[in-house]
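> There's a structure below that I have some questions on.
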Amino acid sequence: MRILCGTDIIEVSRIRRSIERTGDKFLKIIYTPKEIEYCESKKLSKYYHYAGRFAAKEAIFKAVSSLLDNRFDLSWQNSQVVNDVSGNPKVEFLGIKIDKIKDIDISISHCKEYAVATVIVMVEE
């Protein structure tokens with residue numbers, strides 16, 4: 001068993017500017033429909049959640065890219081972060097299967113200026 005880790009941090013203001021400048025274009029490139037629906041439901045705090053999901057996708061890429069034949073096989077739309085019944089974030093892969101992954105865990109946090117995400121992956125060797 002091997003453990004892989006990925007972490008990312010992003011300025012909330014950077015994500016907000018990207019969304020305000022390009023609107024749906026940016027959203028549709030980066031986020032899945034489920035992620036957009038979740039973030040938009042947060043009303044005034046939606047930019048914190050968009051930033052958190054952005055950091056999460058970067059952290060996912062950093063954690064799993066070494067498992068792929070071509071690390072660019074994983075696009076923004078191949079991973080999504082959803083919440084389980086308890087409200088905890090979890091990773092789902094869409095349109096890609098990474099057989100070596102036995103378990104994956106994610107943590108997302110944000111404050112006024114930053115959002116951060118860490119992904120831990122357990123891999124069977």
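To be explicit about the labels: the chains of the structure tokens are called A, B, and onward in the order shown, and within each one the residues are counted from 1, while ligands get numbers from 1 in the order they are shown.
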Please provide as a list in words all residues within 12 Å of Met122 of chain A, with the sequence filter that same-chain residues fewer than 6 positions apart are discarded (counting only C-alpha atoms).

Met1, Arg2, Ile3, Leu4, Cys5, Gly6, Ala63, Val64, Leu67, Ile98, Asp99, Lys100, Ile101, Lys102, Asp103, Ile104, Asp105 and Ile106 of chain A

> Extract the full set of helix (DSSP H, G or I) residues from segment 7-121 of chain A according to DSSP on the backbone, and format it as a ChimeraX atom specification.

/A:12-22,24-30,33-40,43-67,71-73,76-78

> Considering only C-alpha atoms, state which residue in the set A:Val85, A:Val91, A:Val121, A:Val116 is at the smallest distance from Ala55 of chain A.

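Among the listed residues, the smallest separation from Ala55 of chain A belongs to A:Val116.
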
> Would you pick out the contacts of Ser79 of chain A at 6 Å or less, using only C-alpha atoms, so that residues sharing its chain but fewer than 5 positions from it are not included, and give the list as a PyMOL selection string?

chain A and resi 92-94

> Can you check which residues of chain A DSSP gives as strand (DSSP E or B) on the backbone and send them as a PyMOL selection string?

chain A and resi 2-11+79-83+89-93+101-110+114-123

> Write a file of the just-selected residues containing N, CA, C and O atoms, as a compact mmCIF listing (two decimals), in the first residue's frame.


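Dumped everything to selection_23.txt:
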# COMPACT_ATOMS: atom_id res chain seq x y z
N ARG A 2 0.51 2.23 -0.80
CA ARG A 2 1.24 3.48 -0.88
C ARG A 2 0.26 4.62 -0.64
O ARG A 2 -0.92 4.53 -1.01
N ILE A 3 0.72 5.70 -0.06
CA ILE A 3 -0.12 6.86 0.21
C ILE A 3 0.39 8.04 -0.62
O ILE A 3 1.58 8.34 -0.61
N LEU A 4 -0.53 8.68 -1.33
CA LEU A 4 -0.21 9.87 -2.13
C LEU A 4 -0.97 11.06 -1.54
O LEU A 4 -2.06 10.89 -0.99
N CYS A 5 -0.40 12.24 -1.71
CA CYS A 5 -1.02 13.43 -1.15
C CYS A 5 -0.96 14.57 -2.16
O CYS A 5 0.00 14.69 -2.92
N GLY A 6 -2.00 15.39 -2.16
CA GLY A 6 -2.02 16.60 -2.98
C GLY A 6 -2.64 17.72 -2.17
O GLY A 6 -3.62 17.50 -1.46
N THR A 7 -2.07 18.91 -2.26
CA THR A 7 -2.58 20.08 -1.53
C THR A 7 -2.56 21.27 -2.47
O THR A 7 -1.66 21.41 -3.29
N ASP A 8 -3.55 22.15 -2.33
CA ASP A 8 -3.57 23.37 -3.11
C ASP A 8 -4.22 24.48 -2.30
O ASP A 8 -5.09 24.22 -1.46
N ILE A 9 -3.79 25.69 -2.55
CA ILE A 9 -4.37 26.88 -1.92
C ILE A 9 -4.62 27.91 -3.01
O ILE A 9 -3.84 28.01 -3.97
N ILE A 10 -5.71 28.65 -2.91
CA ILE A 10 -6.08 29.64 -3.93
C ILE A 10 -6.69 30.85 -3.23
O ILE A 10 -7.36 30.72 -2.21
N GLU A 11 -6.46 32.03 -3.81
CA GLU A 11 -7.10 33.23 -3.30
C GLU A 11 -8.56 33.24 -3.74
O GLU A 11 -8.85 33.06 -4.92
N SER A 79 -13.22 15.08 -12.44
CA SER A 79 -13.38 14.92 -11.00
C SER A 79 -14.39 15.95 -10.51
O SER A 79 -14.47 17.05 -11.04
N GLN A 80 -15.16 15.53 -9.54
CA GLN A 80 -16.07 16.49 -8.91
C GLN A 80 -16.09 16.23 -7.42
O GLN A 80 -15.85 15.12 -6.95
N VAL A 81 -16.36 17.30 -6.69
CA VAL A 81 -16.48 17.22 -5.25
C VAL A 81 -17.94 17.40 -4.89
O VAL A 81 -18.56 18.40 -5.27
N VAL A 82 -18.48 16.41 -4.22
CA VAL A 82 -19.86 16.46 -3.74
C VAL A 82 -19.83 16.24 -2.24
O VAL A 82 -18.80 15.89 -1.68
N ASN A 83 -20.96 16.46 -1.61
CA ASN A 83 -21.03 16.25 -0.17
C ASN A 83 -21.80 14.97 0.13
O ASN A 83 -22.82 14.69 -0.52
N PRO A 89 -17.18 16.60 2.32
CA PRO A 89 -16.86 16.51 0.89
C PRO A 89 -16.30 15.14 0.54
O PRO A 89 -15.63 14.50 1.37
N LYS A 90 -16.60 14.69 -0.66
CA LYS A 90 -16.02 13.45 -1.18
C LYS A 90 -15.75 13.63 -2.66
O LYS A 90 -16.37 14.45 -3.34
N VAL A 91 -14.81 12.85 -3.16
CA VAL A 91 -14.37 12.92 -4.55
C VAL A 91 -15.09 11.85 -5.36
O VAL A 91 -15.17 10.70 -4.94
N GLU A 92 -15.57 12.27 -6.53
CA GLU A 92 -16.12 11.33 -7.51
C GLU A 92 -15.37 11.56 -8.81
O GLU A 92 -15.11 12.70 -9.20
N PHE A 93 -15.03 10.45 -9.49
CA PHE A 93 -14.41 10.54 -10.81
C PHE A 93 -15.47 10.29 -11.86
O PHE A 93 -16.30 9.39 -11.71
N ILE A 101 -6.52 3.11 -7.20
CA ILE A 101 -7.01 3.83 -6.02
C ILE A 101 -7.90 2.91 -5.19
O ILE A 101 -8.89 2.39 -5.68
N LYS A 102 -7.52 2.74 -3.94
CA LYS A 102 -8.33 1.93 -3.02
C LYS A 102 -9.20 2.81 -2.13
O LYS A 102 -10.27 2.42 -1.70
N ASP A 103 -8.72 4.01 -1.82
CA ASP A 103 -9.50 4.95 -1.00
C ASP A 103 -8.97 6.35 -1.27
O ASP A 103 -7.80 6.53 -1.59
N ILE A 104 -9.87 7.33 -1.13
CA ILE A 104 -9.48 8.72 -1.33
C ILE A 104 -10.25 9.57 -0.33
O ILE A 104 -11.43 9.34 -0.07
N ASP A 105 -9.55 10.50 0.29
CA ASP A 105 -10.17 11.37 1.28
C ASP A 105 -9.79 12.81 0.94
O ASP A 105 -8.72 13.06 0.39
N ILE A 106 -10.68 13.72 1.27
CA ILE A 106 -10.45 15.13 0.95
C ILE A 106 -10.89 16.02 2.10
O ILE A 106 -11.86 15.70 2.81
N SER A 107 -10.16 17.09 2.29
CA SER A 107 -10.53 18.11 3.26
C SER A 107 -10.44 19.46 2.58
O SER A 107 -9.47 19.74 1.87
N ILE A 108 -11.45 20.30 2.77
CA ILE A 108 -11.50 21.64 2.17
C ILE A 108 -11.76 22.64 3.30
O ILE A 108 -12.60 22.40 4.16
N SER A 109 -11.06 23.75 3.25
CA SER A 109 -11.29 24.80 4.23
C SER A 109 -11.13 26.15 3.55
O SER A 109 -10.42 26.26 2.54
N HIS A 110 -11.78 27.16 4.09
CA HIS A 110 -11.63 28.50 3.54
C HIS A 110 -11.79 29.53 4.64
O HIS A 110 -12.42 29.29 5.68
N TYR A 114 -8.52 33.00 1.54
CA TYR A 114 -8.00 31.80 0.88
C TYR A 114 -8.91 30.60 1.04
O TYR A 114 -9.67 30.50 2.00
N ALA A 115 -8.77 29.67 0.09
CA ALA A 115 -9.38 28.35 0.21
C ALA A 115 -8.25 27.34 0.01
O ALA A 115 -7.34 27.56 -0.79
N VAL A 116 -8.31 26.26 0.76
CA VAL A 116 -7.27 25.24 0.70
C VAL A 116 -7.92 23.86 0.68
O VAL A 116 -9.01 23.68 1.24
N ALA A 117 -7.28 22.94 0.00
CA ALA A 117 -7.78 21.56 -0.04
C ALA A 117 -6.60 20.60 0.03
O ALA A 117 -5.52 20.88 -0.53
N THR A 118 -6.82 19.49 0.70
CA THR A 118 -5.84 18.42 0.78
C THR A 118 -6.52 17.11 0.43
O THR A 118 -7.63 16.84 0.90
N VAL A 119 -5.86 16.32 -0.40
CA VAL A 119 -6.37 15.03 -0.83
C VAL A 119 -5.34 13.96 -0.45
O VAL A 119 -4.15 14.12 -0.71
N ILE A 120 -5.83 12.90 0.19
CA ILE A 120 -5.01 11.74 0.53
C ILE A 120 -5.54 10.54 -0.23
O ILE A 120 -6.76 10.27 -0.21
N VAL A 121 -4.67 9.84 -0.92
CA VAL A 121 -5.06 8.68 -1.74
C VAL A 121 -4.30 7.46 -1.28
O VAL A 121 -3.06 7.51 -1.14
N MET A 122 -5.03 6.39 -1.04
CA MET A 122 -4.39 5.10 -0.74
C MET A 122 -4.39 4.28 -2.03
O MET A 122 -5.44 4.12 -2.66
N VAL A 123 -3.21 3.77 -2.38
CA VAL A 123 -3.02 3.07 -3.65
C VAL A 123 -2.52 1.66 -3.36
O VAL A 123 -1.60 1.46 -2.57

> Residues at most 9 Å from His49 of chain A, counting only C-alpha atoms, excluding those fewer than 6 positions away in the same chain, as a list in words?

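The neighbour list is Val12, Tyr38, Cys39, Glu40, Lys42, His110 and Ala115 of chain A.
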
> Rank A:Thr32, A:Arg17, A:Leu44, A:Glu37 by their smallest atom-to-atom distance to Lys57 of chain A, using only C-alpha atoms, and report the top residue only.

A:Thr32

> Smallest atom-to-atom distance to Asn78 of chain A: which of A:Tyr48, A:Phe54, A:Phe26, A:Tyr31, using only C-alpha atoms?

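Selected residue with least distance to Asn78 of chain A: A:Tyr31.
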
> Just the number, please: distance in Å from atom CA of Gly23 of chain A to atom CA of Asp73 of chain A, one decimal.

25.7 Å
